[in-house]
>>> print(open('input_9.tsv').read())   # TSV, C-alpha atoms and all ligand atoms
chain	number	residue	atom	x	y	z
A	1	HIS	CA	-30.83	12.25	115.92
A	2	PHE	CA	-30.85	8.72	114.58
A	3	GLY	CA	-33.22	7.91	111.74
A	4	PHE	CA	-35.82	5.20	112.04
A	5	GLN	CA	-34.03	3.05	109.46
A	6	ASP	CA	-30.36	3.85	110.06
A	7	GLY	CA	-28.04	0.86	109.95
A	8	LEU	CA	-30.71	-1.62	108.87
A	9	SER	CA	-30.35	-4.16	106.07
A	10	GLU	CA	-32.73	-4.08	103.11
A	11	SER	CA	-34.92	-6.89	104.45
A	12	GLU	CA	-34.99	-5.32	107.92
A	13	LYS	CA	-36.11	-2.05	106.31
A	14	THR	CA	-38.88	-3.84	104.41
A	15	GLU	CA	-40.00	-5.48	107.65
A	16	ARG	CA	-39.95	-2.20	109.54
A	17	VAL	CA	-42.06	-0.54	106.83
A	18	ALA	CA	-44.49	-3.46	106.90
A	19	GLY	CA	-44.83	-2.94	110.66
A	20	VAL	CA	-45.57	0.75	110.19
A	21	PHE	CA	-48.40	0.08	107.75
A	22	HIS	CA	-49.84	-2.80	109.77
A	23	SER	CA	-50.19	-0.43	112.69
A	24	VAL	CA	-51.56	2.51	110.70
A	25	ALA	CA	-53.93	0.60	108.35
A	26	GLU	CA	-57.08	1.29	110.36
A	27	SER	CA	-56.37	4.96	111.02
A	28	TYR	CA	-54.65	5.59	107.68
A	29	ASP	CA	-57.46	7.33	105.78
A	30	ARG	CA	-58.40	9.65	108.65
A	31	MET	CA	-54.75	10.51	109.31
A	32	ASN	CA	-54.17	11.40	105.65
A	33	ASP	CA	-56.89	14.03	105.87
A	34	LEU	CA	-55.61	15.44	109.14
A	35	MET	CA	-51.96	15.56	108.14
A	36	SER	CA	-52.43	17.13	104.73
A	37	PHE	CA	-55.49	19.29	105.53
A	38	GLY	CA	-57.33	17.24	102.91
A	39	TRP	CA	-54.85	18.24	100.19
A	40	HIS	CA	-54.05	14.62	99.38
A	41	ARG	CA	-57.56	14.29	97.87
A	42	ILE	CA	-56.95	17.17	95.49
A	43	TRP	CA	-53.53	15.82	94.50
A	44	LYS	CA	-54.97	12.34	93.88
A	45	ASP	CA	-57.87	13.72	91.81
A	46	HIS	CA	-55.42	15.73	89.73
A	47	PHE	CA	-53.04	12.77	89.33
A	48	VAL	CA	-55.82	10.54	88.03
A	49	SER	CA	-57.40	13.08	85.69
A	50	SER	CA	-53.95	13.95	84.28
A	51	LEU	CA	-53.57	10.26	83.36
A	52	ASN	CA	-57.10	10.19	81.91
A	53	PRO	CA	-57.56	6.38	82.16
A	54	GLY	CA	-60.01	4.86	79.72
A	55	LEU	CA	-59.58	7.54	77.09
A	56	SER	CA	-59.80	5.91	73.67
A	57	SER	CA	-60.50	7.22	70.20
A	58	SER	CA	-61.65	3.83	68.84
A	59	LEU	CA	-65.04	2.10	69.14
A	60	PRO	CA	-65.39	-0.13	71.04
A	61	PRO	CA	-62.93	1.64	73.35
A	62	ARG	CA	-59.53	0.08	73.78
A	63	PRO	CA	-59.20	-2.11	76.88
A	64	GLN	CA	-56.63	-0.99	79.44
A	65	ARG	CA	-54.92	-2.73	82.32
A	66	VAL	CA	-53.74	-0.59	85.20
A	67	LEU	CA	-51.45	-1.69	88.06
A	68	ASP	CA	-51.68	0.50	91.15
A	69	VAL	CA	-48.61	-0.35	93.21
A	70	ALA	CA	-48.53	0.32	96.96
A	71	GLY	CA	-52.24	0.83	96.36
A	72	GLY	CA	-53.03	0.46	100.07
A	73	THR	CA	-56.63	1.24	100.84
A	74	GLY	CA	-57.59	1.91	97.21
A	75	ASP	CA	-57.61	5.71	96.90
A	76	ILE	CA	-55.96	5.76	93.47
A	77	ALA	CA	-57.52	2.57	92.10
A	78	PHE	CA	-61.08	3.67	92.96
A	79	ARG	CA	-60.51	7.04	91.28
A	80	MET	CA	-59.05	5.28	88.21
A	81	LEU	CA	-62.11	3.06	87.88
A	82	HIS	CA	-64.50	5.96	88.32
A	83	HIS	CA	-62.66	8.09	85.77
A	84	ALA	CA	-62.43	5.29	83.18
A	85	HIS	CA	-65.91	3.84	83.59
A	86	VAL	CA	-67.98	6.95	84.37
A	87	VAL	CA	-66.08	9.94	82.92
A	88	ASN	CA	-64.67	8.19	79.83
A	89	HIS	CA	-67.46	5.59	79.47
A	90	ASN	CA	-64.93	2.83	79.04
A	91	PRO	CA	-65.93	-0.24	81.09
A	92	ASP	CA	-63.01	-2.19	79.66
A	93	VAL	CA	-60.49	-0.75	82.11
A	94	HIS	CA	-59.26	-3.17	84.76
A	95	VAL	CA	-57.29	-2.10	87.84
A	96	THR	CA	-55.10	-4.30	90.03
A	97	ILE	CA	-54.29	-2.94	93.49
A	98	SER	CA	-51.02	-4.35	94.69
A	99	ASP	CA	-49.46	-3.84	98.10
A	100	ILE	CA	-46.93	-5.62	100.28
A	101	ASN	CA	-49.25	-5.33	103.23
A	102	GLY	CA	-52.27	-7.56	103.76
A	103	SER	CA	-53.77	-5.24	106.41
A	104	MET	CA	-53.86	-2.28	104.00
A	105	LEU	CA	-55.33	-4.50	101.24
A	106	ALA	CA	-57.97	-5.80	103.66
A	107	VAL	CA	-59.10	-2.23	104.39
A	108	GLY	CA	-59.11	-1.59	100.60
A	109	LYS	CA	-61.20	-4.72	99.94
A	110	GLN	CA	-63.72	-3.69	102.56
A	111	ARG	CA	-63.96	-0.17	101.10
A	112	SER	CA	-64.36	-1.54	97.55
A	113	LEU	CA	-67.67	-3.19	98.54
A	114	LYS	CA	-69.26	0.26	98.32
A	115	LEU	CA	-68.33	0.61	94.62
A	116	PRO	CA	-70.86	-0.12	91.84
A	117	ALA	CA	-70.84	-3.84	90.94
A	118	SER	CA	-69.33	-3.19	87.49
A	119	GLN	CA	-66.37	-1.43	89.10
A	120	GLN	CA	-65.93	-4.17	91.71
A	121	ALA	CA	-65.81	-6.67	88.86
A	122	ALA	CA	-62.99	-4.68	87.21
A	123	LEU	CA	-60.84	-4.67	90.34
A	124	SER	CA	-58.40	-7.23	91.66
A	125	PHE	CA	-55.95	-7.40	94.55
A	126	LEU	CA	-52.39	-8.65	94.68
A	127	GLU	CA	-50.15	-8.96	97.72
A	128	ALA	CA	-46.65	-8.37	96.40
A	129	ASP	CA	-43.41	-6.51	97.10
A	130	ALA	CA	-43.00	-3.77	94.48
A	131	THR	CA	-39.25	-4.40	94.30
A	132	SER	CA	-39.74	-8.05	93.27
A	133	ILE	CA	-43.10	-8.86	91.70
A	134	PRO	CA	-43.06	-12.58	90.83
A	135	PRO	CA	-42.94	-12.94	87.00
A	136	SER	CA	-45.11	-16.05	87.37
A	137	VAL	CA	-47.87	-13.79	88.74
A	138	VAL	CA	-47.22	-10.71	86.59
A	139	PRO	CA	-45.43	-11.59	83.34
A	140	ASP	CA	-43.40	-9.01	81.38
A	141	ASN	CA	-45.31	-6.50	79.21
A	142	THR	CA	-48.66	-6.90	81.01
A	143	PHE	CA	-49.87	-3.38	81.90
A	144	ASP	CA	-50.71	-0.18	80.02
A	145	LEU	CA	-50.34	2.01	83.09
A	146	TYR	CA	-48.37	1.67	86.34
A	147	THR	CA	-49.26	4.06	89.15
A	148	VAL	CA	-47.66	4.51	92.53
A	149	ALA	CA	-48.89	7.19	94.94
A	150	PHE	CA	-47.15	8.00	98.22
A	151	GLY	CA	-45.56	4.56	98.12
A	152	ILE	CA	-42.21	4.61	96.39
A	153	ARG	CA	-40.35	6.49	99.12
A	154	ASN	CA	-41.07	3.56	101.44
A	155	PHE	CA	-39.43	0.99	99.17
A	156	SER	CA	-36.12	-0.36	100.40
A	157	ASN	CA	-34.74	-0.35	96.84
A	158	VAL	CA	-36.19	2.30	94.50
A	159	PRO	CA	-34.13	1.33	91.40
A	160	ALA	CA	-35.36	-2.28	91.79
A	161	ALA	CA	-38.96	-1.04	91.90
A	162	LEU	CA	-38.41	1.09	88.78
A	163	ALA	CA	-36.91	-1.94	87.01
A	164	GLU	CA	-40.02	-3.95	87.93
A	165	ALA	CA	-42.27	-1.15	86.68
A	166	TYR	CA	-40.38	-1.24	83.39
A	167	ARG	CA	-40.65	-5.02	83.20
A	168	VAL	CA	-44.41	-5.28	83.79
A	169	LEU	CA	-45.36	-2.37	81.47
A	170	LYS	CA	-46.07	-2.96	77.79
A	171	PRO	CA	-44.00	-0.97	75.27
A	172	GLY	CA	-45.76	2.40	75.10
A	173	GLY	CA	-46.98	1.90	78.68
A	174	VAL	CA	-46.75	4.74	81.19
A	175	PHE	CA	-45.13	4.89	84.63
A	176	ALA	CA	-46.70	7.56	86.86
A	177	CYS	CA	-45.69	8.44	90.39
A	178	LEU	CA	-47.26	10.83	92.90
A	179	GLU	CA	-45.00	11.42	95.89
A	180	PHE	CA	-44.06	13.96	98.52
A	181	SER	CA	-41.22	16.00	97.15
A	182	LYS	CA	-38.97	19.01	97.73
A	183	VAL	CA	-40.68	22.34	98.38
A	184	ASN	CA	-39.47	25.07	96.04
A	185	SER	CA	-39.73	28.16	98.27
A	186	SER	CA	-37.68	28.66	101.42
A	187	LEU	CA	-40.58	30.28	103.29
A	188	LEU	CA	-42.95	27.42	102.49
A	189	ASP	CA	-40.15	24.98	103.31
A	190	ALA	CA	-39.71	26.48	106.79
A	191	VAL	CA	-43.43	26.28	107.54
A	192	TYR	CA	-43.67	22.79	106.09
A	193	LYS	CA	-40.68	21.42	108.07
A	194	ARG	CA	-42.10	22.79	111.32
A	195	TRP	CA	-45.45	21.25	110.56
A	196	SER	CA	-44.15	17.87	109.55
A	197	PHE	CA	-41.42	17.37	112.17
A	198	ALA	CA	-43.33	18.77	115.14
A	199	ALA	CA	-47.02	18.31	114.44
A	200	ILE	CA	-47.35	15.09	112.45
A	201	PRO	CA	-45.74	12.75	115.03
A	202	LEU	CA	-47.81	14.47	117.72
A	203	ILE	CA	-51.06	14.04	115.77
A	204	GLY	CA	-50.02	10.42	115.16
A	205	GLN	CA	-49.64	9.95	118.89
A	206	LEU	CA	-52.91	11.63	119.81
A	207	VAL	CA	-55.17	10.30	117.05
A	208	ALA	CA	-53.65	6.93	116.22
A	209	GLY	CA	-51.71	6.26	119.45
A	210	ASP	CA	-48.60	5.68	117.36
A	211	ARG	CA	-45.91	8.33	117.36
A	212	ASP	CA	-43.06	6.23	115.92
A	213	SER	CA	-44.85	5.20	112.73
A	214	TYR	CA	-45.70	8.79	111.90
A	215	GLN	CA	-42.18	9.92	112.81
A	216	TYR	CA	-40.95	7.36	110.27
A	217	LEU	CA	-43.32	8.70	107.59
A	218	VAL	CA	-41.94	12.22	108.06
A	219	GLU	CA	-38.33	11.04	107.91
A	220	SER	CA	-38.99	9.05	104.75
A	221	ILE	CA	-40.24	12.22	103.03
A	222	GLU	CA	-37.07	14.06	104.05
A	223	ARG	CA	-34.84	11.27	102.68
A	224	PHE	CA	-36.56	10.95	99.28
A	225	PRO	CA	-34.60	12.37	96.28
A	226	SER	CA	-35.30	15.80	94.78
A	227	GLN	CA	-37.41	16.13	91.62
A	228	PRO	CA	-34.43	16.22	89.17
A	229	ASP	CA	-32.66	13.35	90.98
A	230	PHE	CA	-35.78	11.20	90.82
A	231	ARG	CA	-36.26	12.08	87.14
A	232	ARG	CA	-32.69	10.86	86.52
A	233	MET	CA	-33.48	7.55	88.26
A	234	ILE	CA	-36.58	7.09	86.08
A	235	ARG	CA	-34.48	7.70	82.97
A	236	GLU	CA	-31.80	5.30	84.21
A	237	ALA	CA	-34.47	2.60	84.48
A	238	GLY	CA	-35.01	2.98	80.71
A	239	PHE	CA	-38.07	5.23	80.59
A	240	GLU	CA	-38.45	8.13	78.18
A	241	VAL	CA	-39.20	11.32	80.07
A	242	GLY	CA	-40.70	14.19	78.08
A	243	GLY	CA	-40.50	17.93	78.84
A	244	GLN	CA	-39.38	18.87	82.33
A	245	GLY	CA	-40.42	15.40	83.43
A	246	TRP	CA	-42.35	16.30	86.55
A	247	GLU	CA	-45.11	18.55	87.81
A	248	ASP	CA	-44.94	20.23	91.22
A	249	LEU	CA	-48.14	20.32	93.29
A	250	THR	CA	-48.67	22.88	96.07
A	251	GLY	CA	-45.21	24.41	95.64
A	252	GLY	CA	-43.46	21.04	95.51
A	253	VAL	CA	-44.97	19.56	98.69
A	254	ALA	CA	-45.87	16.77	96.27
A	255	ALA	CA	-44.84	16.09	92.67
A	256	ILE	CA	-45.95	13.92	89.77
A	257	HIS	CA	-43.30	12.16	87.66
A	258	LYS	CA	-44.10	10.31	84.45
A	259	GLY	CA	-42.13	8.16	82.04
A	260	MET	CA	-42.92	5.98	79.02
A	261	LYS	CA	-41.49	2.58	78.22
A	262	PRO	CA	-40.25	2.86	74.64
B	301	LIG	N1	-51.34	4.60	97.38
B	301	LIG	C1	-52.10	4.74	98.61
B	301	LIG	C2	-52.54	6.18	98.79
B	301	LIG	O1	-52.08	7.02	98.04
B	301	LIG	O2	-53.35	6.44	99.68
B	301	LIG	C3	-51.33	4.22	99.83
B	301	LIG	C4	-50.07	4.93	100.19
B	301	LIG	S1	-49.37	4.41	101.72
B	301	LIG	C5	-48.64	5.89	102.31
B	301	LIG	C6	-47.96	3.47	101.27
B	301	LIG	C7	-48.25	2.03	100.95
B	301	LIG	O3	-47.04	1.43	100.46
B	301	LIG	C8	-48.68	1.17	102.13
B	301	LIG	O4	-49.92	0.59	101.86
B	301	LIG	C9	-47.56	0.13	102.25
B	301	LIG	O5	-48.01	-1.12	102.70
B	301	LIG	C10	-47.05	0.08	100.84
B	301	LIG	N2	-45.69	-0.47	100.67
B	301	LIG	C11	-44.60	-0.20	101.41
B	301	LIG	N3	-43.54	-0.88	100.97
B	301	LIG	C12	-43.96	-1.59	99.90
B	301	LIG	C13	-43.34	-2.48	98.99
B	301	LIG	N4	-42.03	-2.80	99.09
B	301	LIG	N5	-44.08	-3.03	98.00
B	301	LIG	C14	-45.39	-2.74	97.87
B	301	LIG	N6	-46.04	-1.89	98.70
B	301	LIG	C15	-45.35	-1.33	99.70
>>> encode(input="input_9.tsv", output="structure tokens")
Amino acid sequence: HFGFQDGLSESEKTERVAGVFHSVAESYDRMNDLMSFGWHRIWKDHFVSSLNPGLSSSLPPRPQRVLDVAGGTGDIAFRMLHHAHVVNHNPDVHVTISDINGSMLAVGKQRSLKLPASQQAALSFLEADATSIPPSVVPDNTFDLYTVAFGIRNFSNVPAALAEAYRVLKPGGVFACLEFSKVNSSLLDAVYKRWSFAAIPLIGQLVAGDRDSYQYLVESIERFPSQPDFRRMIREAGFEVGGQGWEDLTGGVAAIHKGMKP
């Protein structure tokens, strides 16, 4: 069959993706739970605690600036703030949620009103395309940590996004990505493919009234590079990647990749 994005130019792809997220913004959080059986919450919790934002050995604690790209409705940013401010007692951690899509950011802004005032004050929003963040808005060497969760596979140009991540991070800053990935057992892969190709578009149709957008989301997971290929791309962008370079979650259904700007 033909893919959702076959034969499209880069800007047409970006527009198509924008359309998908405009139409799913309202139902997005509920659909995440349904589609992943709630697993995405566990992966996100693990992602954030593995990054341990706000950790500092000095007193007063070192300030940190975090950029959560494709931050959508705030799932990662809110966890970052909670971990830094409450778990690590470091109120000097600021998080910027950036997303290409105003509808997703609007849902995130609305949700952020439930956060404690000190966390709301440490949060800002930026509407920007991850593949070309205007240097006038985000100068080089600005952030200590760049996170992107379930976003990068939607970008029309992944190397361009990695180059931007490199640009906006300070030397010593960390790039961290949580994304659907390649399952490492053939049995799990068979079950997973059946689930994602048959059930997810159907659930999308029934719950959100939008089969095509969820069909696109499934196809974008299939197209995304394998763990070692993505690690190579991160290295090619200039990052140092230690150890194996990634961590598989739930048998590779998702994976975390990290790199450091030297
Ligand atoms: N990070 C959030 C999470 O984990 O729940 C949201 C993930 S959501 C699946 C993907 C997000 O990527 C959407 O909010 C979409 O608008 C955003 N996005 C897609 N293309 C983008 C781009 N080129 N630049 C920035 N954000 C983009």
>>> residues_near_ligand(input="input_9.tsv", ligand="ligand LIG 301 (chain B)", cutoff="7 Å", atoms="all atoms listed in the file", output="JSON, numbers by chain")
{"A": [14, 17, 18, 21, 69, 70, 71, 72, 73, 74, 75, 76, 98, 99, 100, 101, 104, 128, 129, 130, 131, 148, 149, 150, 151, 154, 155, 156]}
>>> residues_around(input="input_9.tsv", residues="range 169-179 of chain A", least_positions_apart="6", cutoff="8 Å", atoms="all atoms listed in the file", output="number ranges by chain")
A: 44, 47, 140-153, 254-262
>>> atom_distance(input="input_9.tsv", atom1="CA of Leu81 in chain A", atom2="CA of Val168 in chain A")
20.0 Å
>>> atom_distance(input="input_9.tsv", atom1="CA of Arg235 in chain A", atom2="CA of Leu51 in chain A")
19.3 Å
>>> residues_around(input="input_9.tsv", residues="Leu55 in chain A", least_positions_apart="5", cutoff="12 Å", atoms="only C-alpha atoms", output="PyMOL selection string")
chain A and resi 48-50+60-64+80-81+83-93
>>> write_last_selection(input="input_9.tsv", atoms="C-alpha atoms", output="CSV table (one decimal), in the frame of the given file")
chain,number,residue,atom,x,y,z
A,48,VAL,CA,-55.8,10.5,88.0
A,49,SER,CA,-57.4,13.1,85.7
A,50,SER,CA,-54.0,14.0,84.3
A,60,PRO,CA,-65.4,-0.1,71.0
A,61,PRO,CA,-62.9,1.6,73.4
A,62,ARG,CA,-59.5,0.1,73.8
A,63,PRO,CA,-59.2,-2.1,76.9
A,64,GLN,CA,-56.6,-1.0,79.4
A,80,MET,CA,-59.0,5.3,88.2
A,81,LEU,CA,-62.1,3.1,87.9
A,83,HIS,CA,-62.7,8.1,85.8
A,84,ALA,CA,-62.4,5.3,83.2
A,85,HIS,CA,-65.9,3.8,83.6
A,86,VAL,CA,-68.0,7.0,84.4
A,87,VAL,CA,-66.1,9.9,82.9
A,88,ASN,CA,-64.7,8.2,79.8
A,89,HIS,CA,-67.5,5.6,79.5
A,90,ASN,CA,-64.9,2.8,79.0
A,91,PRO,CA,-65.9,-0.2,81.1
A,92,ASP,CA,-63.0,-2.2,79.7
A,93,VAL,CA,-60.5,-0.8,82.1
>>> closest_residue(input="input_9.tsv", among="A:Ile133, A:Val138, A:Ile97, A:Val191", to="Ala160 in chain A", atoms="all atoms listed in the file")
A:Ile133
>>> closest_residue(input="input_9.tsv", among="A:Arg232, A:Arg223, A:Arg211, A:His94", to="Trp246 in chain A", atoms="only C-alpha atoms")
A:Arg232
>>> atom_distance(input="input_9.tsv", atom1="CA of Ile200 in chain A", atom2="CA of Val218 in chain A")
7.5 Å
